[in-house]
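K.L.:
Supplied in structure tokens, the structure appears directly below.
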Amino acid sequence: MEAYQKSKEEVFEELSVGLDGLSNEEALKRQEQYGLNKLEQKAGRSVFQKILAQFSDFLIIILIFAAIISGLMGETINAILILAIVIMNAIFGLVQEAKADKALEALAKMSSPKAKVIRNGNREFILSNKLVPGDIVVLETGDSIPADLRLVETTNLEIQEAALTGESVASSKNADFLGNEKTPLGDRKNMAYMSTIVTYGRGLGVVCGTGMKTEVGKIAESISTVDTSSTPLQRKLDTLGKRLGLLIIFISVFVFLLGLLRSDQAIIDLFMTAISLAVAAIPEGLPAVVTVVLALGMTRMSKKNAVIRKLLAVETLGTTTVICSDKTGTLTENQMTVVKVVLPNGEFEVTGVGYTPEGEFELTKGEASGLRELLTAASLCTDSELVKKKNRWDIIGDPTEGGLIVAASKAGLKKADLTAKYPRVLELPFDSERKKMSTLHAFEDNFRMCTKGAPDELLKLADKVLLNGDVVEMTEDIRAYFAKTNEALADEALRVLAIAIKDYDKKPEKLKVSDESSLVFLGLMAMIDPPRKEAKAAIEECLEAGIKPKMITGDYARTALAIGKQIGLADEEDRVLTGTELSAMSDKDLKEAVETVNIYARVSPEHKVRIVKALKENGHIVAMTGDGVNDAMALKHADIGVSMGITGTDVAKQTAEMVLMDDNFVTIVGAVEEGRIIYSNIRKFVYFLLSCNIAEVLVIFFAMLFGLPIPLSPIQLLWINVLTDAFPALALGMEPGEPGIMKQNPRSPKEPLIDRKLWGSIIVQALIIASATLFAFLIGMYSTPTPNVGLGRTMAFLTLILGELLRAFSTRSEQISIFKLGLVTNKPMIYSVLGSLALMIPVLFIPALNEAFGIVFLSASQWLTVIALGFLPFIGGEVHKLIIRQKAIKVS
């Protein structure tokens, strides 16, 4: 028999568990027995496939072909050394790919869904893949079902099962239902299946199937994972590589044919010259460095609480022009604190901050009568819990409910004591349309319904009020007093809840919406979710960076505007667009409004989608935050969907490109900055590598053009490209952000990676490097009575290495002087340059390598010449940046 055919008691007995859940020891045993709760996914590439992939790059294929031809032509040493360095490049690529894979695996683990379970009698959060058969799972609205569950408790529970059944209407669940072997999947009211979504109510379920043993596993559906597909930037670089390869072939053939026409060199020498040219032009380190920089960027972001789930988001972040943010918990602290209580004949100010249950009720007006009744009802009408974790008080559940529980605790009314004394017997969960929640409790000699909700709604439904300990008729004066007070509190950016009760002589069979009438009004509780201290500075940073921050909230317009003023997002003249106004707007009118309106209040998820579409149609790159099930569409429509890591539902997290582990707006701004830094760094190392490689091509081309011997051998060029250039390029990828990077306007996503300005810098640098290298070659070759090609090559080789290593420092910024940045502010650059220089020691001093590389001994004066010429590219780079800065000043 399947679980849906068995009673709750039979399932508990079969799985040897009760409502207090498994012990941690038993859970570990079962995990060993059943394995992790995850679906088997398509196997990744094998090691052999990864190795082959390292040799599939078009540029690397050209090198392999060159090595084979060299071998066939009798140049065995050159062929072996070319292949050796190609293999070393492949090993470097494999190591970096492994690091990137590990980084992505860690990020996938960080963003994997969590489940609320009961273990050892306590409620706790665990990674959903740690669930085992027998675990008791707590279900609430917005949760994604983490495994197949036999439901054991249900309260108005409805689950969207479209992923399994195709039925768009949510299925109503009942723990007492019993099915038979003919009961279809969609009619099993006592079951909750993996990957379906709780849309209403709450419940408890016992895990009866995990991993591939679930219904989803049986039909081999796969879950959402981190997307590692190539990004537009990577595709641009791949295209660049292919175009470079074709250009290299053309130039090499041209030089070879030019040499044949001159007829003053042997064919083998001409061929080796063509190979040298090809080797010089190929930036071997480019593919590996790009992969590493993107992976490192994702890892850096994760350390700053921004988990990137899709590589595309890394580069898109740098182009963001609008950030649409929720208010609660993102721009504010999400620690609701009751600061005022208003009774029919008295008002209190409440001291204390946050969730610590310490504070006083200070009577500021009238009498204290009715306070205890209000606080008791408010605390009972909650589903949240106040807990102490490592000497820190926290709320498991809704922050607003947390504020009510903490306020009651400050008056000595602990929720645990209240629920033990007045147990809950029925409930009507909170509904965004009703804007209230009700619970029924066994209360001394009768039953009492406690209701909390929006003041305007409860005032409509209340016909009595508790005044001086007596229940009396609600007068229009009292109603008007509370309505006016509610508005005044909202103007102070306070969130206000009304509390009411209703007594029953006997327990009703169930609570209905119609029961929420003829209520006894107790009073108002006003709370504040204070703006995050860092929010105002983050908003200012956005504005300086050319990014428009916008607040989108379900809260009242007054509250939203008050918070907006506090964080610098609005002033007195600013307009707040409400959901009602938005619904009445045409798409054309909305497109105009979104350019000027920064605060949106009382909006629904559907409104969020319209706002995103309007902004995108205006040409903006939009980041949108969301945490609820219904926010998934808005997150999908945004260029970057941002889910909350703490309050976000599993569905929102799985839809988003980025998950904020701290739910903080500042983290979004930090991620945008990191995205800009990553793109800037990729430009820097592409600039560095291409200018180096073009310089090497120019050295050989000019030497050929002027009838000179080839200044650099293929093996020397490969050494420079793979071992000398790659490490500084990687260090450039780790460059910290330049000063003022968040004071620049966002770049256009259509902007080419290498624009006209950067091409100009590449050509200037290439000419300087080529000139210094050729001068060194000529000085060395003609420093003896007879031309000494070996000495010339040695000086050219060392000048080129030193020049490229030193100019790597200058490349750290396209405009800012290295002396302003600081020579030692990029530690990886220091280490990479020292490491590259250290690699030269065996080449210079081991005889076998001397011979292979054609290195000869240099005198002190020749070393001074090499050093002097080696500094020229660095000096030229700094002078070129000075000219660029001067031009920019003249233009401005």
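Each chain of the structure tokens is named A, B, ... in the order shown, its residues numbered from 1; ligands are numbered from 1 in display order.
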Could you name the residues that touch Thr196 in chain A at 6 Å or less, counting only C-alpha atoms, but leaving out those on the same chain fewer than 5 positions away, as a ChimeraX atom specification?
P.N.:
/A:144-145,160-161
K.L.:
Using the selection just defined, write its residues with N, CA, C and O atoms as a short mmCIF file (atom, residue, chain, number, x, y, z; two decimals), in the first residue's frame.
P.N.:
data_model
loop_
_atom_site.label_atom_id
_atom_site.label_comp_id
_atom_site.auth_asym_id
_atom_site.auth_seq_id
_atom_site.Cartn_x
_atom_site.Cartn_y
_atom_site.Cartn_z
N SER A 144 7.91 25.72 -0.98
CA SER A 144 7.99 24.69 -2.01
C SER A 144 8.13 23.35 -1.28
O SER A 144 8.92 23.22 -0.36
N ILE A 145 7.31 22.37 -1.66
CA ILE A 145 7.34 21.07 -0.97
C ILE A 145 8.68 20.39 -1.25
O ILE A 145 9.04 20.17 -2.42
N GLN A 160 -0.54 24.12 -5.00
CA GLN A 160 -0.52 24.22 -6.45
C GLN A 160 0.28 23.05 -7.00
O GLN A 160 1.49 22.95 -6.77
N GLU A 161 -0.38 22.14 -7.73
CA GLU A 161 0.27 20.91 -8.20
C GLU A 161 0.40 20.87 -9.72
O GLU A 161 0.53 19.80 -10.32
#
K.L.:
List the spatial neighbours of Glu509 in chain A as a ChimeraX atom specification - criterion: any atom at most 12 Å away, only C-alpha atoms, same-chain residues fewer than 4 positions off excluded.
P.N.:
/A:425-427,440,504,515
K.L.:
How would the residues just chosen look if you wrote them out with N, CA, C and O atoms as a short mmCIF file (atom, residue, chain, number, x, y, z; two decimals), in the first residue's frame?
P.N.:
data_model
loop_
_atom_site.label_atom_id
_atom_site.label_comp_id
_atom_site.auth_asym_id
_atom_site.auth_seq_id
_atom_site.Cartn_x
_atom_site.Cartn_y
_atom_site.Cartn_z
N VAL A 425 -7.86 26.29 18.87
CA VAL A 425 -8.69 25.16 18.41
C VAL A 425 -9.12 25.32 16.96
O VAL A 425 -9.36 24.32 16.26
N LEU A 426 -9.21 26.55 16.47
CA LEU A 426 -9.57 26.80 15.07
C LEU A 426 -8.85 28.06 14.61
O LEU A 426 -8.36 28.85 15.43
N GLU A 427 -8.82 28.26 13.28
CA GLU A 427 -8.19 29.48 12.79
C GLU A 427 -8.66 29.82 11.38
O GLU A 427 -9.14 28.97 10.63
N LEU A 440 -9.22 30.93 17.10
CA LEU A 440 -10.18 30.65 18.16
C LEU A 440 -9.49 29.85 19.26
O LEU A 440 -8.78 28.88 18.98
N TYR A 504 -17.55 33.22 22.13
CA TYR A 504 -18.55 32.22 21.78
C TYR A 504 -18.86 31.39 23.03
O TYR A 504 -17.94 31.04 23.79
N ASP A 515 -17.71 34.96 10.23
CA ASP A 515 -17.57 35.08 11.68
C ASP A 515 -16.80 36.34 12.08
O ASP A 515 -16.89 36.79 13.23
#
K.L.:
Between A:Thr316, A:Gln566, A:Gln33, A:Thr559, which residue has the minimum interatomic distance to Tyr679 in chain A, considering only C-alpha atoms?
P.N.:
A:Thr316
K.L.:
Per DSSP on the backbone, what are the strand (DSSP E) residues of range 256-465 of chain A, as a PDB file with C-alpha atoms, in the first residue's frame?
P.N.:
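Writing the result to selection36.pdb gives the following:
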ATOM      1  CA  ALA A 306      25.057  37.973  -2.974  1.00  0.00           C
ATOM      2  CA  VAL A 307      24.786  34.446  -4.380  1.00  0.00           C
ATOM      3  CA  ILE A 308      24.842  34.539  -8.182  1.00  0.00           C
ATOM      4  CA  VAL A 322      17.201  50.759 -12.288  1.00  0.00           C
ATOM      5  CA  ILE A 323      16.933  48.829  -9.016  1.00  0.00           C
ATOM      6  CA  CYS A 324      13.353  48.124  -7.938  1.00  0.00           C
ATOM      7  CA  SER A 325      13.479  47.150  -4.286  1.00  0.00           C
ATOM      8  CA  THR A 337       9.129  46.927  17.082  1.00  0.00           C
ATOM      9  CA  VAL A 338       5.918  48.083  18.733  1.00  0.00           C
ATOM     10  CA  VAL A 339       6.495  51.658  19.858  1.00  0.00           C
ATOM     11  CA  LYS A 340       2.934  52.849  20.583  1.00  0.00           C
ATOM     12  CA  VAL A 341      -0.275  51.269  21.875  1.00  0.00           C
ATOM     13  CA  VAL A 342      -3.592  53.093  21.626  1.00  0.00           C
ATOM     14  CA  LEU A 343      -6.582  51.990  23.740  1.00  0.00           C
ATOM     15  CA  GLY A 346      -5.383  55.516  26.995  1.00  0.00           C
ATOM     16  CA  GLU A 347      -2.105  55.689  25.030  1.00  0.00           C
ATOM     17  CA  PHE A 348       1.309  54.131  25.741  1.00  0.00           C
ATOM     18  CA  GLU A 349       4.810  54.518  24.417  1.00  0.00           C
ATOM     19  CA  VAL A 350       6.785  51.274  24.445  1.00  0.00           C
ATOM     20  CA  PHE A 361       4.960  50.568  28.760  1.00  0.00           C
ATOM     21  CA  GLU A 362       4.891  54.261  29.616  1.00  0.00           C
ATOM     22  CA  LEU A 363       1.401  55.708  29.925  1.00  0.00           C
ATOM     23  CA  THR A 364       1.315  59.043  28.082  1.00  0.00           C
ATOM     24  CA  LYS A 365      -2.421  59.675  28.036  1.00  0.00           C
ATOM     25  CA  GLY A 366      -5.567  58.418  29.806  1.00  0.00           C
ATOM     26  CA  GLU A 385       7.775  32.165  17.760  1.00  0.00           C
ATOM     27  CA  LEU A 386      10.251  34.205  19.800  1.00  0.00           C
ATOM     28  CA  VAL A 387      13.442  32.186  20.303  1.00  0.00           C
ATOM     29  CA  LYS A 388      16.885  32.810  21.731  1.00  0.00           C
ATOM     30  CA  LYS A 389      19.820  31.679  19.615  1.00  0.00           C
ATOM     31  CA  ARG A 392      20.481  36.658  20.489  1.00  0.00           C
ATOM     32  CA  TRP A 393      16.707  36.913  20.306  1.00  0.00           C
ATOM     33  CA  ASP A 394      15.100  36.155  16.964  1.00  0.00           C
ATOM     34  CA  ILE A 395      11.722  35.453  15.440  1.00  0.00           C
ATOM     35  CA  ILE A 396      10.842  32.288  13.580  1.00  0.00           C
ATOM     36  CA  ARG A 424      -5.856  27.304  19.769  1.00  0.00           C
ATOM     37  CA  VAL A 425      -8.692  25.163  18.407  1.00  0.00           C
ATOM     38  CA  LEU A 426      -9.565  26.800  15.074  1.00  0.00           C
ATOM     39  CA  GLU A 427      -8.193  29.482  12.786  1.00  0.00           C
ATOM     40  CA  LEU A 428      -8.696  31.585   9.670  1.00  0.00           C
ATOM     41  CA  PRO A 429      -5.223  32.275   8.207  1.00  0.00           C
ATOM     42  CA  PHE A 430      -4.204  35.729   7.069  1.00  0.00           C
ATOM     43  CA  ASP A 431      -5.442  36.612   3.616  1.00  0.00           C
ATOM     44  CA  LYS A 436      -6.773  40.029   8.654  1.00  0.00           C
ATOM     45  CA  MET A 437      -6.271  36.786  10.575  1.00  0.00           C
ATOM     46  CA  SER A 438      -8.395  35.127  13.275  1.00  0.00           C
ATOM     47  CA  THR A 439      -7.764  32.328  15.761  1.00  0.00           C
ATOM     48  CA  LEU A 440     -10.185  30.647  18.163  1.00  0.00           C
ATOM     49  CA  HIS A 441      -9.014  29.645  21.640  1.00  0.00           C
ATOM     50  CA  ALA A 442     -10.456  27.703  24.574  1.00  0.00           C
ATOM     51  CA  PHE A 443     -10.774  30.598  26.985  1.00  0.00           C
ATOM     52  CA  ASN A 446     -15.999  29.943  26.846  1.00  0.00           C
ATOM     53  CA  PHE A 447     -14.220  30.291  23.486  1.00  0.00           C
ATOM     54  CA  ARG A 448     -12.634  33.517  22.275  1.00  0.00           C
ATOM     55  CA  MET A 449     -11.786  34.527  18.734  1.00  0.00           C
ATOM     56  CA  CYS A 450      -8.774  36.847  18.496  1.00  0.00           C
ATOM     57  CA  THR A 451      -8.505  38.913  15.314  1.00  0.00           C
ATOM     58  CA  LYS A 452      -5.730  41.152  14.053  1.00  0.00           C
ATOM     59  CA  GLY A 453      -5.659  43.113  10.827  1.00  0.00           C
ATOM     60  CA  ALA A 462     -16.481  46.113  15.049  1.00  0.00           C
ATOM     61  CA  ASP A 463     -19.754  47.165  16.692  1.00  0.00           C
ATOM     62  CA  LYS A 464     -18.451  47.131  20.267  1.00  0.00           C
ATOM     63  CA  VAL A 465     -15.405  48.342  22.156  1.00  0.00           C
TER      64      VAL A 465
END
K.L.:
Mind giving me the straight-line distance from CA of Leu569 in chain A to CA of Lys536 in chain A in Å, one decimal?
P.N.:
8.1 Å
